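**Q** Below is the file entry.tsv, which contains TSV, C-alpha atoms and all ligand atoms.
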chain	number	residue	atom	x	y	z
A	1	MET	CA	-0.89	-35.34	-64.38
A	2	PHE	CA	0.77	-34.78	-60.97
A	3	SER	CA	2.69	-37.67	-59.66
A	4	ARG	CA	2.05	-38.61	-56.03
A	5	LYS	CA	5.55	-37.41	-55.14
A	6	LYS	CA	5.02	-33.98	-56.72
A	7	PHE	CA	1.71	-33.64	-54.94
A	8	ILE	CA	3.31	-34.26	-51.53
A	9	LEU	CA	6.06	-31.78	-52.34
A	10	LEU	CA	3.49	-29.15	-53.28
A	11	VAL	CA	1.55	-29.67	-50.04
A	12	LEU	CA	4.79	-29.36	-48.04
A	13	LEU	CA	5.69	-26.18	-49.91
A	14	ILE	CA	2.30	-24.63	-49.16
A	15	LEU	CA	2.70	-25.64	-45.50
A	16	VAL	CA	6.13	-24.01	-45.26
A	17	ILE	CA	4.86	-20.78	-46.86
A	18	PHE	CA	1.92	-20.81	-44.44
A	19	LEU	CA	4.25	-21.23	-41.46
A	20	ILE	CA	6.61	-18.49	-42.64
A	21	ILE	CA	3.74	-16.02	-42.99
A	22	PHE	CA	1.56	-16.88	-40.01
A	23	VAL	CA	3.85	-18.00	-37.17
A	24	PRO	CA	5.46	-14.56	-36.74
A	25	LEU	CA	1.99	-13.02	-36.89
A	26	ILE	CA	0.67	-15.30	-34.13
A	27	LEU	CA	3.75	-14.62	-32.02
A	28	LYS	CA	3.27	-10.90	-32.49
A	29	VAL	CA	-0.33	-11.02	-31.28
A	30	ASN	CA	0.76	-12.88	-28.15
A	31	GLU	CA	3.54	-10.43	-27.59
A	32	GLY	CA	1.03	-7.60	-27.88
A	33	GLN	CA	-1.22	-9.21	-25.33
A	34	ARG	CA	1.69	-9.57	-22.97
A	35	ALA	CA	2.76	-5.97	-23.57
A	36	ASN	CA	-0.79	-4.84	-22.74
A	37	LEU	CA	-0.38	-6.42	-19.35
A	38	SER	CA	3.14	-5.29	-18.69
A	39	LYS	CA	3.76	-3.76	-15.29
A	40	HIS	CA	5.44	-0.41	-15.06
A	41	THR	CA	7.57	0.08	-12.02
A	42	GLU	CA	9.20	3.06	-10.30
A	43	ILE	CA	10.73	3.53	-6.87
A	44	ILE	CA	8.89	6.33	-5.06
A	45	MET	CA	8.47	6.93	-1.31
A	46	ASP	CA	11.09	4.24	-0.60
A	47	THR	CA	8.72	1.76	-2.17
A	48	THR	CA	8.29	-0.02	-5.45
A	49	VAL	CA	5.23	1.42	-7.16
A	50	GLU	CA	3.72	-0.73	-9.90
A	51	ILE	CA	1.07	0.37	-12.35
A	52	THR	CA	-0.64	-2.02	-14.74
A	53	THR	CA	-3.34	-0.92	-17.16
A	54	ILE	CA	-5.28	-3.08	-19.62
A	55	PRO	CA	-4.64	-2.18	-22.37
A	56	PHE	CA	-1.35	-0.42	-21.73
A	57	ASP	CA	-1.72	3.36	-21.99
A	58	GLU	CA	1.58	5.17	-21.80
A	59	LYS	CA	0.21	8.67	-21.24
A	60	ALA	CA	-2.20	7.62	-18.51
A	61	VAL	CA	0.47	5.57	-16.71
A	62	ARG	CA	2.93	8.47	-16.86
A	63	GLU	CA	0.37	10.87	-15.39
A	64	ALA	CA	-0.51	8.37	-12.67
A	65	PHE	CA	3.16	8.07	-11.67
A	66	ASN	CA	3.43	11.87	-11.68
A	67	VAL	CA	0.60	12.34	-9.21
A	68	ILE	CA	2.17	9.75	-6.89
A	69	LYS	CA	5.48	11.64	-7.02
A	70	GLU	CA	3.68	14.94	-6.44
A	71	THR	CA	1.95	13.51	-3.36
A	72	ASN	CA	5.27	12.29	-2.02
A	73	ASN	CA	6.94	15.65	-2.66
A	74	LEU	CA	4.27	17.36	-0.56
A	75	MET	CA	4.01	14.86	2.28
A	76	ASP	CA	7.34	13.15	2.89
A	77	ASP	CA	8.42	14.45	6.31
A	78	TYR	CA	12.05	13.61	5.51
A	79	LYS	CA	12.08	15.47	2.21
A	80	ARG	CA	13.58	18.93	2.67
A	81	ASP	CA	11.03	21.63	1.85
A	82	SER	CA	8.04	19.32	1.52
A	83	GLU	CA	4.92	20.92	3.01
A	84	VAL	CA	5.02	18.52	5.92
A	85	TYR	CA	8.74	19.12	6.51
A	86	ILE	CA	8.12	22.88	6.74
A	87	LEU	CA	5.07	22.38	8.96
A	88	ASN	CA	7.11	20.24	11.34
A	89	ARG	CA	9.98	22.73	11.42
A	90	GLN	CA	7.88	25.89	11.86
A	91	GLY	CA	4.97	24.49	13.86
A	92	GLU	CA	2.57	25.89	11.26
A	93	ASN	CA	2.19	25.99	7.50
A	94	ARG	CA	-0.35	26.82	4.80
A	95	VAL	CA	-0.76	23.68	2.75
A	96	SER	CA	-2.15	22.45	-0.57
A	97	PRO	CA	-5.63	20.86	-0.82
A	98	PHE	CA	-3.95	17.41	-1.11
A	99	THR	CA	-2.05	17.68	2.19
A	100	LEU	CA	-5.03	19.26	3.93
A	101	GLU	CA	-7.29	16.43	2.79
A	102	VAL	CA	-4.90	13.75	4.05
A	103	VAL	CA	-4.53	15.45	7.45
A	104	LYS	CA	-8.31	15.80	7.79
A	105	LYS	CA	-8.83	12.15	6.89
A	106	ALA	CA	-6.04	11.11	9.27
A	107	ILE	CA	-7.78	12.93	12.14
A	108	ASN	CA	-10.99	11.06	11.34
A	109	PHE	CA	-9.13	7.73	11.44
A	110	SER	CA	-7.69	8.73	14.82
A	111	LYS	CA	-11.23	9.24	16.10
A	112	LEU	CA	-12.37	5.94	14.57
A	113	THR	CA	-9.51	3.95	16.13
A	114	GLY	CA	-9.63	5.69	19.53
A	115	GLY	CA	-6.23	7.27	18.88
A	116	ALA	CA	-4.45	4.04	17.84
A	117	PHE	CA	-3.82	5.65	14.46
A	118	ASP	CA	-2.24	9.04	15.11
A	119	ILE	CA	-0.11	11.07	12.66
A	120	THR	CA	1.32	13.16	15.52
A	121	CYS	CA	3.39	10.07	16.43
A	122	LYS	CA	6.42	11.65	14.69
A	123	PRO	CA	8.45	12.44	17.88
A	124	LEU	CA	7.98	8.82	18.98
A	125	VAL	CA	8.80	7.36	15.56
A	126	ASP	CA	11.95	9.52	15.41
A	127	LEU	CA	12.97	8.50	18.94
A	128	TRP	CA	12.65	4.79	18.13
A	129	ARG	CA	14.44	5.23	14.82
A	130	ARG	CA	17.33	6.98	16.57
A	131	ALA	CA	17.46	4.35	19.30
A	132	GLY	CA	17.37	1.59	16.66
A	133	LYS	CA	20.37	3.10	14.91
A	134	GLU	CA	22.23	3.30	18.22
A	135	LYS	CA	21.15	-0.28	19.08
A	136	ARG	CA	19.63	0.72	22.42
A	137	LEU	CA	16.15	1.01	23.89
A	138	PRO	CA	14.84	4.54	24.51
A	139	SER	CA	14.82	5.47	28.21
A	140	PRO	CA	11.44	5.79	30.01
A	141	GLN	CA	12.15	9.54	30.32
A	142	GLU	CA	12.70	9.90	26.57
A	143	ILE	CA	9.48	8.00	25.86
A	144	LYS	CA	7.60	10.20	28.35
A	145	GLU	CA	8.87	13.36	26.69
A	146	ALA	CA	7.96	12.14	23.19
A	147	LEU	CA	4.52	10.95	24.35
A	148	PHE	CA	3.79	14.42	25.75
A	149	LEU	CA	3.88	15.68	22.15
A	150	VAL	CA	1.66	12.95	20.67
A	151	ASN	CA	-2.05	13.70	20.38
A	152	TYR	CA	-4.04	14.34	17.21
A	153	LYS	CA	-6.36	16.63	19.21
A	154	ASN	CA	-3.50	19.14	19.31
A	155	ILE	CA	-3.61	19.72	15.55
A	156	ILE	CA	-5.40	22.98	14.73
A	157	LEU	CA	-6.93	23.52	11.29
A	158	GLU	CA	-7.84	27.03	10.11
A	159	ASP	CA	-8.82	26.89	6.45
A	160	ASN	CA	-5.62	25.74	4.74
A	161	LEU	CA	-3.44	26.60	7.75
A	162	ILE	CA	-2.25	23.69	9.89
A	163	LYS	CA	-0.90	24.55	13.36
A	164	PHE	CA	0.29	22.63	16.39
A	165	LYS	CA	-0.79	23.39	19.96
A	166	LYS	CA	2.55	22.28	21.43
A	167	LYS	CA	6.03	23.31	20.43
A	168	GLY	CA	8.03	20.32	19.19
A	169	MET	CA	5.05	18.43	17.75
A	170	GLY	CA	5.33	16.93	14.29
A	171	ILE	CA	3.31	14.81	11.89
A	172	ASP	CA	4.30	11.67	9.99
A	173	LEU	CA	1.95	10.66	7.16
A	174	GLY	CA	3.77	7.34	6.56
A	175	GLY	CA	0.73	5.31	7.62
A	176	ILE	CA	-1.74	6.94	5.20
A	177	ALA	CA	0.00	8.88	2.37
A	178	LYS	CA	0.79	5.84	0.24
A	179	GLY	CA	-2.86	4.83	0.20
A	180	TYR	CA	-3.87	8.39	-0.67
A	181	ALA	CA	-1.33	8.49	-3.52
A	182	VAL	CA	-2.76	5.25	-4.93
A	183	ASP	CA	-6.29	6.73	-4.84
A	184	LYS	CA	-5.07	9.84	-6.68
A	185	ALA	CA	-3.39	7.68	-9.33
A	186	ILE	CA	-6.59	5.69	-9.83
A	187	GLU	CA	-8.53	8.96	-10.16
A	188	ILE	CA	-6.19	10.01	-13.01
A	189	LEU	CA	-6.48	6.63	-14.75
A	190	ARG	CA	-10.29	6.81	-14.56
A	191	LYS	CA	-10.23	10.32	-16.05
A	192	GLU	CA	-8.08	9.00	-18.89
A	193	GLY	CA	-10.78	6.47	-19.67
A	194	ILE	CA	-9.01	3.41	-18.22
A	195	ASN	CA	-11.37	0.94	-16.60
A	196	LYS	CA	-9.01	-1.96	-15.86
A	197	ALA	CA	-5.90	-1.24	-13.81
A	198	LEU	CA	-3.90	-2.17	-10.78
A	199	VAL	CA	-1.90	0.41	-8.82
A	200	ASN	CA	0.31	-1.12	-6.13
A	201	ALA	CA	2.51	0.98	-3.83
A	202	GLY	CA	4.45	-1.59	-1.84
A	203	GLY	CA	1.44	-3.67	-0.85
A	204	ASP	CA	-1.09	-0.84	-0.62
A	205	LEU	CA	-3.11	-1.27	-3.78
A	206	TYR	CA	-6.29	-0.56	-5.69
A	207	ALA	CA	-7.74	-2.97	-8.24
A	208	LEU	CA	-9.79	-1.02	-10.79
A	209	GLY	CA	-12.36	-3.07	-12.67
A	210	ARG	CA	-11.34	-6.54	-13.75
A	211	GLY	CA	-7.95	-8.02	-14.46
A	212	PRO	CA	-6.48	-10.28	-17.16
A	213	GLN	CA	-8.95	-12.47	-19.10
A	214	ASP	CA	-11.71	-10.33	-17.65
A	215	LYS	CA	-11.43	-12.14	-14.30
A	216	LYS	CA	-11.19	-10.44	-10.91
A	217	TRP	CA	-7.69	-9.36	-9.85
A	218	ARG	CA	-6.00	-12.04	-7.76
A	219	ILE	CA	-4.01	-10.64	-4.85
A	220	GLY	CA	-1.66	-12.80	-2.81
A	221	ILE	CA	-1.21	-12.11	0.89
A	222	GLN	CA	2.29	-12.80	2.12
A	223	ASP	CA	3.33	-15.07	4.91
A	224	PRO	CA	4.82	-12.59	7.41
A	225	ARG	CA	7.63	-14.94	8.40
A	226	HIS	CA	8.50	-16.65	5.08
A	227	LYS	CA	9.39	-14.24	2.32
A	228	GLY	CA	7.84	-15.11	-1.01
A	229	LYS	CA	5.31	-17.54	0.49
A	230	ILE	CA	1.64	-16.68	0.03
A	231	VAL	CA	-0.84	-17.56	2.81
A	232	ARG	CA	-4.08	-16.55	1.10
A	233	ILE	CA	-5.27	-15.31	-2.28
A	234	ILE	CA	-8.16	-12.89	-2.55
A	235	LYS	CA	-10.11	-11.94	-5.67
A	236	VAL	CA	-11.18	-8.32	-5.97
A	237	GLU	CA	-12.74	-5.81	-8.35
A	238	ASP	CA	-13.02	-2.08	-7.61
A	239	LYS	CA	-11.51	-2.56	-4.16
A	240	ALA	CA	-8.51	-1.36	-2.19
A	241	VAL	CA	-6.28	-3.78	-0.28
A	242	ALA	CA	-3.59	-2.66	2.18
A	243	THR	CA	-1.31	-4.61	4.48
A	244	SER	CA	0.65	-3.42	7.51
A	245	GLY	CA	3.23	-5.84	8.73
A	246	ASP	CA	6.26	-6.07	10.94
A	247	TYR	CA	8.30	-7.94	8.32
A	248	GLU	CA	9.16	-5.35	5.65
A	249	ARG	CA	10.41	-2.54	7.85
A	250	TYR	CA	11.63	-3.23	11.34
A	251	PHE	CA	14.76	-2.95	13.41
A	252	LEU	CA	16.47	-5.13	15.98
A	253	ILE	CA	17.53	-3.97	19.44
A	254	ASN	CA	19.21	-6.62	21.61
A	255	GLY	CA	17.97	-9.27	19.19
A	256	GLN	CA	14.34	-8.21	19.65
A	257	ARG	CA	12.31	-7.22	16.60
A	258	HIS	CA	10.75	-3.74	16.78
A	259	SER	CA	8.18	-2.79	14.15
A	260	HIS	CA	8.09	0.70	12.63
A	261	ILE	CA	4.59	1.17	14.01
A	262	VAL	CA	4.29	2.77	17.45
A	263	ASN	CA	1.52	2.65	20.03
A	264	PRO	CA	0.55	6.31	20.66
A	265	HIS	CA	-0.85	5.39	24.09
A	266	THR	CA	2.13	3.53	25.53
A	267	GLY	CA	4.96	4.98	23.47
A	268	MET	CA	6.26	1.49	22.68
A	269	THR	CA	6.66	-0.14	19.27
A	270	VAL	CA	4.10	-2.80	18.48
A	271	GLU	CA	5.64	-6.24	18.94
A	272	ASN	CA	4.71	-9.64	17.54
A	273	ILE	CA	0.96	-9.46	18.05
A	274	PRO	CA	-0.16	-9.07	15.32
A	275	MET	CA	2.39	-9.85	12.61
A	276	SER	CA	0.30	-8.52	9.78
A	277	VAL	CA	-3.05	-6.86	9.12
A	278	THR	CA	-4.71	-6.80	5.71
A	279	ILE	CA	-7.71	-4.55	5.10
A	280	ILE	CA	-10.08	-4.60	2.12
A	281	ALA	CA	-11.95	-1.29	1.68
A	282	SER	CA	-13.57	0.89	-0.98
A	283	ASP	CA	-10.61	3.28	-1.11
A	284	THR	CA	-6.90	2.87	-0.47
A	285	THR	CA	-6.59	5.78	1.99
A	286	THR	CA	-9.03	3.99	4.31
A	287	ALA	CA	-7.39	0.58	3.81
A	288	ASP	CA	-3.91	1.99	4.52
A	289	ALA	CA	-4.86	3.97	7.65
A	290	LEU	CA	-7.01	1.18	9.08
A	291	ALA	CA	-4.30	-1.45	8.50
A	292	THR	CA	-1.91	0.68	10.57
A	293	GLY	CA	-4.54	1.48	13.24
A	294	VAL	CA	-5.68	-2.14	13.59
A	295	PHE	CA	-2.04	-3.22	13.86
A	296	VAL	CA	-1.79	-1.02	16.97
A	297	LEU	CA	-5.16	-2.18	18.38
A	298	GLY	CA	-4.12	-5.85	18.18
A	299	PRO	CA	-6.11	-8.91	17.11
A	300	TYR	CA	-9.08	-8.63	19.49
A	301	LYS	CA	-9.94	-4.93	19.56
A	302	GLY	CA	-8.75	-4.66	15.96
A	303	MET	CA	-11.06	-7.39	14.66
A	304	ASP	CA	-13.98	-5.95	16.68
A	305	LEU	CA	-13.41	-2.61	14.96
A	306	ILE	CA	-13.27	-4.19	11.48
A	307	ASN	CA	-16.49	-6.13	12.13
A	308	SER	CA	-18.25	-2.97	13.34
A	309	LEU	CA	-17.57	-1.11	10.07
A	310	SER	CA	-19.58	-1.57	6.88
A	311	ASN	CA	-17.76	-2.23	3.59
A	312	ILE	CA	-14.55	-3.11	5.47
A	313	GLU	CA	-13.11	-6.61	5.72
A	314	GLY	CA	-9.86	-7.70	7.26
A	315	MET	CA	-7.46	-10.49	8.08
A	316	ILE	CA	-5.09	-10.48	11.05
A	317	ILE	CA	-2.14	-12.84	11.29
A	318	SER	CA	-0.76	-13.20	14.82
A	319	GLU	CA	1.99	-15.19	16.41
A	320	THR	CA	0.94	-17.58	19.15
A	321	SER	CA	2.85	-20.20	21.11
A	322	GLU	CA	1.46	-22.78	18.64
A	323	GLY	CA	2.57	-20.79	15.60
A	324	MET	CA	0.73	-18.55	13.21
A	325	GLU	CA	-2.93	-17.78	13.83
A	326	ILE	CA	-5.12	-16.31	11.08
A	327	VAL	CA	-8.37	-14.55	11.98
A	328	THR	CA	-10.70	-13.08	9.35
A	329	SER	CA	-13.70	-10.74	9.57
A	330	ARG	CA	-17.29	-11.87	9.02
A	331	GLY	CA	-17.51	-11.00	5.32
A	332	TRP	CA	-13.94	-11.90	4.37
A	333	MET	CA	-14.70	-15.27	2.73
A	334	GLN	CA	-16.60	-13.65	-0.17
A	335	PHE	CA	-13.19	-12.38	-1.36
A	336	GLN	CA	-11.04	-15.41	-0.65
A	337	ALA	CA	-10.17	-17.57	-3.68
A	338	SER	CA	-11.78	-21.00	-3.23
A	339	ASP	CA	-9.02	-22.71	-5.21
A	340	PHE	CA	-6.38	-21.73	-2.69
A	401	LIG	P1	4.17	0.50	5.49
A	401	LIG	O1	4.84	1.82	5.33
A	401	LIG	O2	5.13	-0.62	5.76
A	401	LIG	O3	3.17	0.17	4.41
A	401	LIG	P2	2.13	1.37	7.35
A	401	LIG	O4	1.18	1.80	6.32
A	401	LIG	O5	1.57	0.54	8.42
A	401	LIG	O6	3.34	0.54	6.82
A	401	LIG	O7	2.74	2.69	7.97
A	401	LIG	C1	3.75	2.68	8.91
A	401	LIG	C2	4.26	4.08	9.08
A	401	LIG	O8	3.25	4.89	9.69
A	401	LIG	C3	5.46	4.19	9.96
A	401	LIG	O9	6.66	4.07	9.24
A	401	LIG	C4	5.31	5.59	10.53
A	401	LIG	O10	5.77	6.52	9.59
A	401	LIG	C5	3.81	5.74	10.65
A	401	LIG	N1	3.26	5.33	11.95
A	401	LIG	C6	3.84	4.56	12.92
A	401	LIG	N2	3.00	4.35	13.94
A	401	LIG	C7	1.83	5.02	13.63
A	401	LIG	C8	0.59	5.20	14.30
A	401	LIG	N3	0.34	4.65	15.48
A	401	LIG	N4	-0.36	5.95	13.68
A	401	LIG	C9	-0.12	6.52	12.47
A	401	LIG	N5	1.03	6.39	11.80
A	401	LIG	C10	2.00	5.64	12.36
A	402	MG	MG	-0.85	2.14	6.66
Starting from the coordinates I provided, produce the structure as structure tokens.
**A**
Amino acid sequence: MFSRKKFILLVLLILVIFLIIFVPLILKVNEGQRANLSKHTEIIMDTTVEITTIPFDEKAVREAFNVIKETNNLMDDYKRDSEVYILNRQGENRVSPFTLEVVKKAINFSKLTGGAFDITCKPLVDLWRRAGKEKRLPSPQEIKEALFLVNYKNIILEDNLIKFKKKGMGIDLGGIAKGYAVDKAIEILRKEGINKALVNAGGDLYALGRGPQDKKWRIGIQDPRHKGKIVRIIKVEDKAVATSGDYERYFLINGQRHSHIVNPHTGMTVENIPMSVTIIASDTTTADALATGVFVLGPYKGMDLINSLSNIEGMIISETSEGMEIVTSRGWMQFQASDF
């Protein structure tokens, strides 16, 4: 017969064996789940690009990063020997289907925004960048000369040949190429059979399918004046979200903040109103270009444009004398998290 003491000892022994065998197993499963969700990060196009797939798929993620790099190699106007670099230097260039597609789409967004979005803004962007470095404002004459070269209607397309009507013109795809690269990455992930993923290129992102725990992806929108603070959370599935702001990239001249986005009509940088524009759209190219275009249009004309378009929602944060003002489009609330 077992004594009571022996019985307790036996139960304890069984418990210890159970713990030794199963605790590491349980931990491993959790670790696996975490690994499935792990973000993969690379710096491309001056930006942190993050790709998350559920479950993690190394080959698909690698290919997605590759297409983003390829896009950047073709379209970065500062990269020696990129297609856009050569086009800007020679005034004409035969380009790949990728670059041609982005330029065609960019021209359509120029038409849609009445010229507020315009990739021929390069001479202006360069002028302001130079002035920023020299801590001075460009002279009215310099602005006039740059403006003379800015007009998307002076881009000529003949099959895969892109030409400029005026000598000295140049294009800058900085307001659209990141979104396009994200769309290309998502295309690759889809082809590889992934149906849950998030591709985020510095705030221009696409949420494919659902996120962790099969819930919609939760995206935080940053407070433009307080780094790290979130002003709103939106919940999305199969949607693109892009934000243009004056807080990530800007320069100071005489203590005044100048955003990296220029107004192609006035030649000036866009100041203070608005501070940030977030667009939700069906593809990232559209979200990226419209965020930049609406930033130029400002809160009133910009919000009118968003409300006039189907399948597009937006939020504009502006600075007023009373502080921050947040305006959202008519259908925005369907995406906003109610618990925030
Ligand atoms: P970010 O690069 O911070 O995500 P955007 O998508 O808004 O911001 O793109 C800003 C870039 O677009 C600028 O750095 C410049 O290269 C280019 N750009 C500036 N003004 C315009 C404009 N009016 N239309 C099109 N592109 C612009
Ligand atoms: Mg943009």
**Q** So how many Å separate atom CA of Asp183 of chain A and atom CA of Lys105 of chain A, to one decimal?
**A**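 Answer for the atom CA of Asp183 of chain A to atom CA of Lys105 of chain A separation: 13.2 Å.
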**Q** For atom CA of Val95 of chain A and atom CA of Leu74 of chain A, determine how far apart the two atoms are, in Å to one decimal place.
**A**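 Straight-line distance from atom CA of Val95 of chain A to atom CA of Leu74 of chain A works out to 8.7 Å.
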**Q** Which residues form the shell of 6 Å around ligand MG 402 (chain A) when you count all atoms listed in the file, given as a count of residues only?
**A** 7
**Q** Do you know which residues are at most 9 Å from Ile261 of chain A counting only C-alpha atoms, after dropping those on the same chain fewer than 3 positions away, and could you put them as a VMD selection string?
**A** chain A and resid 125 175 244 to 246 250 258 268 to 271 292 295 to 296
**Q** Just how far from atom CA of Leu124 of chain A is atom CA of Thr278 of chain A, in Å to one decimal?
**A**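 We find that atom CA of Thr278 of chain A and atom CA of Leu124 of chain A lie 24.1 Å from each other.
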**Q** Looking at all atoms listed in the file, which of A:Asp159, A:Glu50, A:Asp339, A:Asp81 is the one that sits closest to Lys235 of chain A?
**A**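 Result for the nearest residue to Lys235 of chain A: A:Asp339.
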**Q** For Ile186 of chain A, list every protein, DNA or RNA residue within 8 Å, evaluated using only C-alpha atoms, and leave out those in the same chain fewer than 5 positions away; present the list as a ChimeraX atom specification.
**A** /A:64,199,206,208
**Q** Using all atoms of segment 302-306 of chain A that appear in the file, construct an axis-aligned enclosing box with 5 Å of padding on every side and provide its centre coordinates and edge lengths in Å, rounded to one decimal, as JSON.
**A**
{"center_x": -11.4, "center_y": -5.0, "center_z": 14.1, "size_x": 15.2, "size_y": 14.8, "size_z": 15.2}
**Q** When you count all atoms listed in the file, which of these residues is closest to ligand LIG 401 (chain A): A:Ala242, A:Ala185, A:Ile316, A:Ile273?
**A**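 The shortest atom-to-atom distance to ligand LIG 401 (chain A) comes from A:Ala242.
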**Q** For Val182 of chain A, find every residue with an atom within 9 Å (counting only C-alpha atoms), except residues of its own chain fewer than 5 positions away, and show them as a list in words.
**A**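 Everything that qualifies: Ala64, Val67, Ile68, Ala177, Glu187, Val199, Asn200, Ala201, Asp204, Leu205, Tyr206, Asp283, Thr284 and Thr285 of chain A.
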**Q** Select, from A:Gly91, A:Gly170, A:Gly220, A:Pro264, the residue with the minimum atom-to-atom distance to ligand LIG 401 (chain A), counting all atoms listed in the file.
**A**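 Looking at the shortest contact to ligand LIG 401 (chain A), the residue is A:Pro264.
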**Q** Please provide as a VMD selection string all residues within 10 Å of segment 154-157 of chain A, with the sequence filter that same-chain residues fewer than 6 positions apart are discarded (counting only C-alpha atoms).
**A** chain A and resid 91 to 92 94 100 103 to 104 107 119 to 120 163 to 166 169 to 171
**Q** Please write the residues from the selection above to a file, keeping C-alpha atoms, as a PDB file, in the coordinates of the input.
**A**
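Result saved to selection24.pdb:
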ATOM      1  CA  GLY A  91       4.970  24.490  13.860  1.00  0.00           C
ATOM      2  CA  GLU A  92       2.570  25.890  11.260  1.00  0.00           C
ATOM      3  CA  ARG A  94      -0.350  26.820   4.800  1.00  0.00           C
ATOM      4  CA  LEU A 100      -5.030  19.260   3.930  1.00  0.00           C
ATOM      5  CA  VAL A 103      -4.530  15.450   7.450  1.00  0.00           C
ATOM      6  CA  LYS A 104      -8.310  15.800   7.790  1.00  0.00           C
ATOM      7  CA  ILE A 107      -7.780  12.930  12.140  1.00  0.00           C
ATOM      8  CA  ILE A 119      -0.110  11.070  12.660  1.00  0.00           C
ATOM      9  CA  THR A 120       1.320  13.160  15.520  1.00  0.00           C
ATOM     10  CA  LYS A 163      -0.900  24.550  13.360  1.00  0.00           C
ATOM     11  CA  PHE A 164       0.290  22.630  16.390  1.00  0.00           C
ATOM     12  CA  LYS A 165      -0.790  23.390  19.960  1.00  0.00           C
ATOM     13  CA  LYS A 166       2.550  22.280  21.430  1.00  0.00           C
ATOM     14  CA  MET A 169       5.050  18.430  17.750  1.00  0.00           C
ATOM     15  CA  GLY A 170       5.330  16.930  14.290  1.00  0.00           C
ATOM     16  CA  ILE A 171       3.310  14.810  11.890  1.00  0.00           C
TER      17      ILE A 171
END
**Q** Of the residues A:Pro224, A:Gly203, A:Pro97, A:Pro299, which is the one nearest to ligand LIG 401 (chain A), using all atoms listed in the file?
**A**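 Of A:Pro224, A:Gly203, A:Pro97, A:Pro299, the one nearest ligand LIG 401 (chain A), counting all atoms listed in the file, is A:Gly203.
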**Q** Hey, which of A:Leu173, A:Thr266, A:Val277, A:Glu70 ends up closest to Pro140 of chain A? Count only C-alpha atoms.
**A**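 With only C-alpha atoms as the atom set, the closest residue is A:Thr266.
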**Q** Nearest to ligand LIG 401 (chain A): which of A:His40, A:Arg257, A:Arg80, A:Arg249 is it, counting all atoms listed in the file?
**A**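 Among A:His40, A:Arg257, A:Arg80, A:Arg249, it is A:Arg249 that comes nearest to ligand LIG 401 (chain A).
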**Q** Distance cut-off 12 Å, centre (10.2, 10.2, 23.8) in file coordinates, counting all atoms listed in the file: which residues qualify? Return them as a PyMOL selection string.
**A** chain A and resi 121-131+137-150+168-169+262+264+266-269
**Q** For Ala197 of chain A, list every protein, DNA or RNA residue within 9 Å, evaluated using all atoms listed in the file, and leave out those in the same chain fewer than 3 positions away; present the list as an NGL selection string.
**A** :A and (51-55 or 186 or 189 or 194 or 206-211)
